[in-house]
Amino acid sequence: MKDVIFFDLDGTLVDHRSAVLETVGHVVREATDATAPAEELVALWWALEARHMREYLAGECSFAEHHRRRVRSFLPALGEPVPAAPELLDAWVAERYLGPFAESWQCYPDVHPCLDALSGLPGGPRLAVLTNGDPGQQRAKLARFGLLEHFEAVLTPTELGTAKPAAYAAACRLMGVDPARAVNVGDMLESDVHAAERAGLTGVWLDRGIDFVTGGPSLTPAEPVLRIERLTDLPGQLTGDARRWRNAAVTARGGRTPPP
């Protein structure tokens, strides 16, 4: 049994991608002067989110400014004027995006059963959320679905002073745990699994069958990784032996390791 389990949030506990697509889909359907088809506009928003989120995580701008940058790039494609005043951009973000986005959040159905099972394990692990998101927004998601009570800590770049991948070492230091005694669970192979493993943690890939970035089917990793399809599979894997962990792995050839 490991001592600490870190959970990613977006794509792992809360369905971020569907909420974004629902919200932006509504925005573009209302754009009567748009310069491109709706599907292209949604793809543009998704690309802008990734670009400007990277800038925020690199410390190049505030969380509010990363939204402003996104909207400045997006409004011309909607056929709308770009306000010069930051407060007008903030108002657009709040009214047209963040409000409806929050209403679209959905907690995955396997989250509560997994956390309840982990809480019931004798001498079970300590639980924490480790996310690159904004602390206020991420805590609001957890509070919405009654998840905060399950976690000892919610760790973001604000608390740790750094984003993933450096956040793994910082999170272990803050939690007072040896990385070898910690697990990180997430839906993104590189940032949640491989990066965690390079930091000395055990990475577990939550393969929900969809690629978070492209929306297509999840890709088979080039190297074996510990894989689960549902969070409810996690407690059993944690309490099993090393052989059970191996049987959860995806092989480098793309097949599944056969059962014992």
# chains A, B, ... in the order shown; residues from 1 in each chain; ligands from 1
$ closest_atom_pairs --of "region 115-143 of chain A" --to "region 164-171 of chain A" --cutoff "8 Å" --atoms "only C-alpha atoms" --output "CSV"
residue,atom,partner,partner_atom,distance
A:Leu130,CA,A:Ala171,CA,7.7
A:Thr131,CA,A:Lys164,CA,7.9
A:Asn132,CA,A:Lys164,CA,6.7
$ residues_around --residues "Gly99 (chain A)" --least-positions-apart "4" --cutoff "12 Å" --atoms "only C-alpha atoms" --output "PDB file with N, CA and C atoms, in the first residue's frame"
ATOM      1  N   ALA A  19     -17.368  20.018 -20.790  1.00  0.00           N
ATOM      2  CA  ALA A  19     -17.870  21.319 -20.339  1.00  0.00           C
ATOM      3  C   ALA A  19     -17.406  22.436 -21.264  1.00  0.00           C
ATOM      4  N   VAL A  20     -16.139  22.391 -21.685  1.00  0.00           N
ATOM      5  CA  VAL A  20     -15.625  23.393 -22.618  1.00  0.00           C
ATOM      6  C   VAL A  20     -16.379  23.332 -23.941  1.00  0.00           C
ATOM      7  N   THR A  23     -19.943  24.668 -23.668  1.00  0.00           N
ATOM      8  CA  THR A  23     -19.993  26.114 -23.480  1.00  0.00           C
ATOM      9  C   THR A  23     -19.629  26.866 -24.760  1.00  0.00           C
ATOM     10  N   VAL A  24     -18.528  26.490 -25.361  1.00  0.00           N
ATOM     11  CA  VAL A  24     -18.069  27.192 -26.561  1.00  0.00           C
ATOM     12  C   VAL A  24     -18.995  26.893 -27.733  1.00  0.00           C
ATOM     13  N   ASP A  90     -12.832  41.077 -19.293  1.00  0.00           N
ATOM     14  CA  ASP A  90     -13.182  40.276 -18.120  1.00  0.00           C
ATOM     15  C   ASP A  90     -14.691  40.039 -18.056  1.00  0.00           C
ATOM     16  N   ALA A  91     -15.465  41.047 -18.410  1.00  0.00           N
ATOM     17  CA  ALA A  91     -16.919  40.902 -18.389  1.00  0.00           C
ATOM     18  C   ALA A  91     -17.366  39.870 -19.423  1.00  0.00           C
ATOM     19  N   TRP A  92     -16.750  39.903 -20.613  1.00  0.00           N
ATOM     20  CA  TRP A  92     -17.093  38.905 -21.637  1.00  0.00           C
ATOM     21  C   TRP A  92     -16.782  37.507 -21.123  1.00  0.00           C
ATOM     22  N   VAL A  93     -15.601  37.344 -20.539  1.00  0.00           N
ATOM     23  CA  VAL A  93     -15.198  36.038 -20.021  1.00  0.00           C
ATOM     24  C   VAL A  93     -16.182  35.548 -18.963  1.00  0.00           C
ATOM     25  N   ALA A  94     -16.542  36.428 -18.036  1.00  0.00           N
ATOM     26  CA  ALA A  94     -17.422  36.034 -16.940  1.00  0.00           C
ATOM     27  C   ALA A  94     -18.823  35.677 -17.439  1.00  0.00           C
ATOM     28  N   GLU A  95     -19.362  36.494 -18.342  1.00  0.00           N
ATOM     29  CA  GLU A  95     -20.751  36.320 -18.761  1.00  0.00           C
ATOM     30  C   GLU A  95     -20.923  35.272 -19.845  1.00  0.00           C
ATOM     31  N   GLU A 103     -21.627  25.944 -15.062  1.00  0.00           N
ATOM     32  CA  GLU A 103     -22.899  25.223 -15.067  1.00  0.00           C
ATOM     33  C   GLU A 103     -22.790  23.893 -15.817  1.00  0.00           C
ATOM     34  N   SER A 104     -21.790  23.758 -16.667  1.00  0.00           N
ATOM     35  CA  SER A 104     -21.629  22.548 -17.482  1.00  0.00           C
ATOM     36  C   SER A 104     -20.733  21.497 -16.837  1.00  0.00           C
ATOM     37  N   TRP A 105     -20.115  21.810 -15.699  1.00  0.00           N
ATOM     38  CA  TRP A 105     -19.243  20.831 -15.052  1.00  0.00           C
ATOM     39  C   TRP A 105     -20.018  19.558 -14.707  1.00  0.00           C
ATOM     40  N   GLN A 137     -10.896  28.187  -8.976  1.00  0.00           N
ATOM     41  CA  GLN A 137     -11.773  27.446  -9.875  1.00  0.00           C
ATOM     42  C   GLN A 137     -11.755  25.952  -9.553  1.00  0.00           C
TER      43      GLN A 137
END
$ atom_distance --atom1 "CA of Glu229 (chain A)" --atom2 "CA of Gln138 (chain A)"
23.4 Å
$ closest_atom_pairs --of "region 139-215 of chain A" --to "region 220-225 of chain A" --cutoff "10 Å" --atoms "only C-alpha atoms" --output "JSON lines"
{"residue": "A:Leu189", "atom": "CA", "partner": "A:Pro221", "partner_atom": "CA", "distance": 7.6}
{"residue": "A:Glu190", "atom": "CA", "partner": "A:Pro221", "partner_atom": "CA", "distance": 9.5}
{"residue": "A:Val193", "atom": "CA", "partner": "A:Val225", "partner_atom": "CA", "distance": 7.9}
{"residue": "A:His194", "atom": "CA", "partner": "A:Val225", "partner_atom": "CA", "distance": 8.5}
{"residue": "A:Glu197", "atom": "CA", "partner": "A:Val225", "partner_atom": "CA", "distance": 9.9}
{"residue": "A:Thr202", "atom": "CA", "partner": "A:Val225", "partner_atom": "CA", "distance": 9.7}
{"residue": "A:Gly203", "atom": "CA", "partner": "A:Val225", "partner_atom": "CA", "distance": 7.7}
{"residue": "A:Val204", "atom": "CA", "partner": "A:Val225", "partner_atom": "CA", "distance": 7.2}
{"residue": "A:Trp205", "atom": "CA", "partner": "A:Val225", "partner_atom": "CA", "distance": 7.0}
{"residue": "A:Asp207", "atom": "CA", "partner": "A:Thr220", "partner_atom": "CA", "distance": 9.8}
$ closest_residue --among "A:Thr156, A:Ser18, A:Asn184, A:Thr32" --to "Ile5 (chain A)" --atoms "only C-alpha atoms"
A:Asn184
$ residues_around --residues "Pro217 (chain A)" --least-positions-apart "4" --cutoff "10 Å" --atoms "only C-alpha atoms" --output "number ranges by chain"
A: 207-212
$ write_last_selection --atoms "all heavy atoms" --output "PDB file, in the first residue's frame"
ATOM      1  N   ASP A 207      -7.386   5.561 -18.341  1.00  0.00           N
ATOM      2  CA  ASP A 207      -7.695   5.553 -19.773  1.00  0.00           C
ATOM      3  C   ASP A 207      -9.211   5.573 -19.946  1.00  0.00           C
ATOM      4  O   ASP A 207      -9.865   4.539 -19.922  1.00  0.00           O
ATOM      5  CB  ASP A 207      -7.083   4.304 -20.411  1.00  0.00           C
ATOM      6  CG  ASP A 207      -7.380   4.207 -21.899  1.00  0.00           C
ATOM      7  OD1 ASP A 207      -7.908   5.177 -22.480  1.00  0.00           O
ATOM      8  OD2 ASP A 207      -7.084   3.135 -22.482  1.00  0.00           O
ATOM      9  N   ARG A 208      -9.757   6.753 -20.113  1.00  0.00           N
ATOM     10  CA  ARG A 208     -11.201   6.880 -20.289  1.00  0.00           C
ATOM     11  C   ARG A 208     -11.622   6.650 -21.730  1.00  0.00           C
ATOM     12  O   ARG A 208     -12.796   6.852 -22.082  1.00  0.00           O
ATOM     13  CB  ARG A 208     -11.681   8.243 -19.792  1.00  0.00           C
ATOM     14  CG  ARG A 208     -11.547   8.415 -18.263  1.00  0.00           C
ATOM     15  CD  ARG A 208     -12.408   9.551 -17.751  1.00  0.00           C
ATOM     16  NE  ARG A 208     -12.328   9.730 -16.306  1.00  0.00           N
ATOM     17  CZ  ARG A 208     -13.023   9.028 -15.415  1.00  0.00           C
ATOM     18  NH1 ARG A 208     -13.845   8.084 -15.846  1.00  0.00           N
ATOM     19  NH2 ARG A 208     -12.904   9.270 -14.121  1.00  0.00           N
ATOM     20  N   GLY A 209     -10.687   6.255 -22.576  1.00  0.00           N
ATOM     21  CA  GLY A 209     -11.006   5.902 -23.950  1.00  0.00           C
ATOM     22  C   GLY A 209     -11.018   7.064 -24.914  1.00  0.00           C
ATOM     23  O   GLY A 209     -11.299   6.891 -26.106  1.00  0.00           O
ATOM     24  N   ILE A 210     -10.713   8.275 -24.424  1.00  0.00           N
ATOM     25  CA  ILE A 210     -10.709   9.456 -25.278  1.00  0.00           C
ATOM     26  C   ILE A 210      -9.464  10.271 -24.989  1.00  0.00           C
ATOM     27  O   ILE A 210      -9.044  10.393 -23.839  1.00  0.00           O
ATOM     28  CB  ILE A 210     -11.980  10.307 -25.037  1.00  0.00           C
ATOM     29  CG1 ILE A 210     -12.009  11.509 -25.991  1.00  0.00           C
ATOM     30  CG2 ILE A 210     -12.081  10.758 -23.591  1.00  0.00           C
ATOM     31  CD1 ILE A 210     -13.324  12.276 -25.938  1.00  0.00           C
ATOM     32  N   ASP A 211      -8.860  10.782 -26.035  1.00  0.00           N
ATOM     33  CA  ASP A 211      -7.695  11.641 -25.868  1.00  0.00           C
ATOM     34  C   ASP A 211      -8.163  13.031 -25.455  1.00  0.00           C
ATOM     35  O   ASP A 211      -8.993  13.644 -26.120  1.00  0.00           O
ATOM     36  CB  ASP A 211      -6.905  11.707 -27.179  1.00  0.00           C
ATOM     37  CG  ASP A 211      -5.631  12.514 -27.046  1.00  0.00           C
ATOM     38  OD1 ASP A 211      -5.694  13.737 -27.239  1.00  0.00           O
ATOM     39  OD2 ASP A 211      -4.587  11.928 -26.740  1.00  0.00           O
ATOM     40  N   PHE A 212      -7.632  13.532 -24.343  1.00  0.00           N
ATOM     41  CA  PHE A 212      -8.072  14.805 -23.782  1.00  0.00           C
ATOM     42  C   PHE A 212      -7.878  15.951 -24.763  1.00  0.00           C
ATOM     43  O   PHE A 212      -8.699  16.864 -24.840  1.00  0.00           O
ATOM     44  CB  PHE A 212      -7.279  15.086 -22.496  1.00  0.00           C
ATOM     45  CG  PHE A 212      -7.669  16.357 -21.778  1.00  0.00           C
ATOM     46  CD1 PHE A 212      -8.720  16.365 -20.882  1.00  0.00           C
ATOM     47  CD2 PHE A 212      -6.988  17.544 -21.998  1.00  0.00           C
ATOM     48  CE1 PHE A 212      -9.092  17.529 -20.206  1.00  0.00           C
ATOM     49  CE2 PHE A 212      -7.345  18.714 -21.330  1.00  0.00           C
ATOM     50  CZ  PHE A 212      -8.402  18.696 -20.440  1.00  0.00           C
TER      51      PHE A 212
END
$ closest_residue --among "A:Pro109, A:Pro76, A:Gly25, A:Pro179" --to "Phe6 (chain A)" --atoms "only C-alpha atoms"
A:Pro179
$ select_by_dssp --residues "region 27-115 of chain A" --states "helix (DSSP H, G or I)" --output "ChimeraX atom specification"
/A:27-29,38-57,63-78,86-103,111-115
$ select_by_dssp --residues "region 50-241 of chain A" --states "strand (DSSP E or B)" --output "list in words"
Cys107, Arg126, Leu127, Ala128, Val129, Leu130, Ala153, Val154, Leu155, Ala182, Val183, Asn184, Val185, Gly186, Thr202, Gly203, Val204, Trp205, Leu206, Ile210, Pro217, Val225, Leu226, Arg227 and Ile228 of chain A
$ write_last_selection --atoms "C-alpha atoms" --output "compact mmCIF listing (two decimals), in the first residue's frame"
# COMPACT_ATOMS: atom_id res chain seq x y z
CA CYS A 107 -18.28 14.79 -12.04
CA ARG A 126 -3.70 9.97 2.28
CA LEU A 127 -5.38 11.64 -0.68
CA ALA A 128 -4.59 14.93 -2.40
CA VAL A 129 -5.50 16.70 -5.63
CA LEU A 130 -2.56 17.82 -7.76
CA ALA A 153 -4.82 19.01 0.27
CA VAL A 154 -5.61 20.67 -3.07
CA LEU A 155 -2.27 21.53 -4.62
CA ALA A 182 3.38 8.07 -3.70
CA VAL A 183 1.05 7.42 -6.64
CA ASN A 184 -0.22 9.89 -9.22
CA VAL A 185 -3.43 9.10 -11.09
CA GLY A 186 -4.42 11.00 -14.21
CA THR A 202 4.17 5.50 -9.45
CA GLY A 203 2.11 6.80 -12.36
CA VAL A 204 -1.32 5.31 -13.09
CA TRP A 205 -3.00 6.09 -16.40
CA LEU A 206 -6.77 6.51 -16.22
CA ILE A 210 -10.71 9.46 -25.28
CA PRO A 217 -9.68 7.51 -29.23
CA VAL A 225 2.26 1.77 -18.18
CA LEU A 226 -0.04 0.97 -15.30
CA ARG A 227 -3.53 1.43 -16.72
CA ILE A 228 -7.06 1.46 -15.37
$ residues_around --residues "region 34-41 of chain A" --least-positions-apart "5" --cutoff "6 Å" --atoms "only C-alpha atoms" --output "VMD selection string"
chain A and resid 28 77 to 79
$ atom_distance --atom1 "CA of Ala140 (chain A)" --atom2 "CA of Asp15 (chain A)"
13.9 Å
